[in-house]
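Data first, discussion second: the structure below is written as C-alpha cells.
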Amino acid sequence: MKWYFASRVRHQNKIIEITEFLKHKGQDVLSNWVYESALKPYHENIDKVQKLATEVTASLLATDIFVLVSDPEGTDMFIELGVCLAKSTTSPRDIKIYIIGEYSKRSLMQLHPSITHLKTLREVFEREGIDSSDFIIPSLD
C-alpha cells in the first residue's frame, strides 16, 4: 500500500521514523516532503516550492492511505486533506483517509464522511493489518 502522512513540519523527523518502519513492513510511503530542508520564506524559494507542490499533489493522488496528524495549527496539511477528499469523491474505494489525534474534529471538512477518526497511529496500523507491536511509535503530540 502507498501511505501519505500530512502533519506540521515539527513532526518531520517522527514521520521519517514511521516511514522507515513501514518500509520494513513492505509498505511505500509517499510523504517525500519530510526529506526537504526548510523552504520558508516560500516566495524566496519559488522554483523549489513549485516543484515540491507538484510532487506532493501527484503523491496524494497516488495514495492509498492518507493519515493526517491533527494539530491546533497548520495550513498545508489541510490542503493535502482536501486533495484526498476530492479523490475519495471520485474513487471512494481507492483511498482511506484517517485523522488521528486530539484536534481531529475542529473544522467542517474534518467531519467529511470519508474520514475515519482515531486517537493513535497504532489504531491506524491495526485497522490496516500492520503489526506494530515491535515498534515504539514516536509521540505525535
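Naming scheme: A, B, ... for chains in displayed order of the C-alpha cells; residues 1 onward per chain; ligands 1 onward as shown.
Omitting stretch 127-136 of chain A and its sequence neighbours fewer than 5 positions away, and counting only C-alpha atoms, the residues within 12 Å are A:Met1, A:Lys2, A:Trp3, A:Lys14, A:Glu17, A:Ile18, A:Thr19, A:Glu20, A:Phe21, A:Leu22, A:Lys23, A:His24, A:Lys25, A:Gly26, A:Gln27, A:Asp64, A:Ile65, A:Phe66, A:Val67, A:Lys96, A:Ile97, A:Tyr98, A:Thr116, A:His117, A:Leu118, A:Thr120, A:Leu121, A:Arg122.
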Which polymer residues have any atom within 12 Å of an atom of A:Ser91, counting only C-alpha atoms, with same-chain residues fewer than 2 positions away left out, as a list in words?
-> Leu61, Ala62, Thr63, Asp64, Cys84, Leu85, Ala86, Lys87, Ser88, Thr89, Arg93, Asp94, Ile95, Lys96 and Ser114 of chain A
May I have the residues within 10 Å of stretch 75-78 of chain A as a VMD selection string, using only C-alpha atoms and disregarding those fewer than 4 positions away in the same chain?
-> chain A and resid 5 to 9 53 67 to 71 82 to 84 107 109 to 110
Assign secondary structure with DSSP using the backbone only, and return the residues of stretch 4-135 of chain A in strand (DSSP E or B) as a PDB file with N, CA and C atoms, in the first residue's frame.
```pdb
ATOM      1  N   TYR A   4       0.559   8.173   2.851  1.00  0.00           N
ATOM      2  CA  TYR A   4       0.972   9.579   2.870  1.00  0.00           C
ATOM      3  C   TYR A   4       0.621  10.135   4.241  1.00  0.00           C
ATOM      4  N   PHE A   5       1.604  10.804   4.862  1.00  0.00           N
ATOM      5  CA  PHE A   5       1.390  11.430   6.164  1.00  0.00           C
ATOM      6  C   PHE A   5       1.435  12.939   5.999  1.00  0.00           C
ATOM      7  N   ALA A   6       0.387  13.585   6.477  1.00  0.00           N
ATOM      8  CA  ALA A   6       0.327  15.043   6.488  1.00  0.00           C
ATOM      9  C   ALA A   6       0.391  15.488   7.941  1.00  0.00           C
ATOM     10  N   ASP A  28       4.924   1.341   1.024  1.00  0.00           N
ATOM     11  CA  ASP A  28       5.517   2.533   0.401  1.00  0.00           C
ATOM     12  C   ASP A  28       4.972   3.761   1.120  1.00  0.00           C
ATOM     13  N   VAL A  29       5.822   4.731   1.360  1.00  0.00           N
ATOM     14  CA  VAL A  29       5.375   5.997   1.940  1.00  0.00           C
ATOM     15  C   VAL A  29       5.769   7.104   0.974  1.00  0.00           C
ATOM     16  N   ILE A  65      -3.555   5.231   1.426  1.00  0.00           N
ATOM     17  CA  ILE A  65      -3.871   5.504   2.828  1.00  0.00           C
ATOM     18  C   ILE A  65      -3.289   6.851   3.200  1.00  0.00           C
ATOM     19  N   PHE A  66      -4.171   7.781   3.538  1.00  0.00           N
ATOM     20  CA  PHE A  66      -3.771   9.125   3.929  1.00  0.00           C
ATOM     21  C   PHE A  66      -3.994   9.273   5.425  1.00  0.00           C
ATOM     22  N   VAL A  67      -2.967   9.753   6.130  1.00  0.00           N
ATOM     23  CA  VAL A  67      -3.073   9.965   7.573  1.00  0.00           C
ATOM     24  C   VAL A  67      -2.714  11.405   7.876  1.00  0.00           C
ATOM     25  N   LEU A  68      -3.658  12.138   8.450  1.00  0.00           N
ATOM     26  CA  LEU A  68      -3.404  13.497   8.887  1.00  0.00           C
ATOM     27  C   LEU A  68      -3.187  13.465  10.393  1.00  0.00           C
ATOM     28  N   VAL A  69      -2.057  13.974  10.838  1.00  0.00           N
ATOM     29  CA  VAL A  69      -1.766  14.098  12.255  1.00  0.00           C
ATOM     30  C   VAL A  69      -2.322  15.449  12.683  1.00  0.00           C
ATOM     31  N   LYS A  96      -8.179   5.454   1.646  1.00  0.00           N
ATOM     32  CA  LYS A  96      -8.684   5.501   3.020  1.00  0.00           C
ATOM     33  C   LYS A  96      -8.077   6.739   3.655  1.00  0.00           C
ATOM     34  N   ILE A  97      -8.911   7.476   4.376  1.00  0.00           N
ATOM     35  CA  ILE A  97      -8.465   8.713   4.990  1.00  0.00           C
ATOM     36  C   ILE A  97      -8.658   8.615   6.501  1.00  0.00           C
ATOM     37  N   TYR A  98      -7.567   8.853   7.222  1.00  0.00           N
ATOM     38  CA  TYR A  98      -7.597   8.845   8.679  1.00  0.00           C
ATOM     39  C   TYR A  98      -7.119  10.196   9.201  1.00  0.00           C
ATOM     40  N   ILE A  99      -7.748  10.640  10.274  1.00  0.00           N
ATOM     41  CA  ILE A  99      -7.203  11.760  11.044  1.00  0.00           C
ATOM     42  C   ILE A  99      -7.018  11.247  12.454  1.00  0.00           C
ATOM     43  N   ILE A 100      -5.802  11.457  12.974  1.00  0.00           N
ATOM     44  CA  ILE A 100      -5.513  10.995  14.321  1.00  0.00           C
ATOM     45  C   ILE A 100      -5.208  12.183  15.226  1.00  0.00           C
ATOM     46  N   ILE A 115     -13.853  10.248   6.139  1.00  0.00           N
ATOM     47  CA  ILE A 115     -12.755  10.252   7.108  1.00  0.00           C
ATOM     48  C   ILE A 115     -13.066   9.350   8.288  1.00  0.00           C
ATOM     49  N   THR A 116     -12.056   8.581   8.692  1.00  0.00           N
ATOM     50  CA  THR A 116     -12.122   7.797   9.919  1.00  0.00           C
ATOM     51  C   THR A 116     -11.265   8.501  10.963  1.00  0.00           C
ATOM     52  N   HIS A 117     -11.858   8.766  12.110  1.00  0.00           N
ATOM     53  CA  HIS A 117     -11.152   9.440  13.201  1.00  0.00           C
ATOM     54  C   HIS A 117     -10.676   8.408  14.212  1.00  0.00           C
ATOM     55  N   LEU A 118      -9.400   8.443  14.509  1.00  0.00           N
ATOM     56  CA  LEU A 118      -8.820   7.553  15.508  1.00  0.00           C
ATOM     57  C   LEU A 118      -7.941   8.377  16.442  1.00  0.00           C
TER      58      LEU A 118
END
```
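Taking only C-alpha atoms, the non-local environment of stretch 32-39 of chain A within 7 Å (same-chain residues fewer than 5 positions away omitted) comprises Gln12, Ile16, Asn45 and Val49 of chain A.
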Within chain A, find each residue whose DSSP state, derived from the backbone, is helix (DSSP H, G or I), and express the selection as a PyMOL selection string.
-> chain A and resi 9-24+32-35+42-62+76-90+92-94+109-111+121-127
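Put simply, atom CA of A:Pro72 is 10.4 Å away from atom CA of A:Lys105.
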What is the atom CA of A:Tyr103 to atom CA of A:Ile15 distance in Å?
-> 18.0 Å
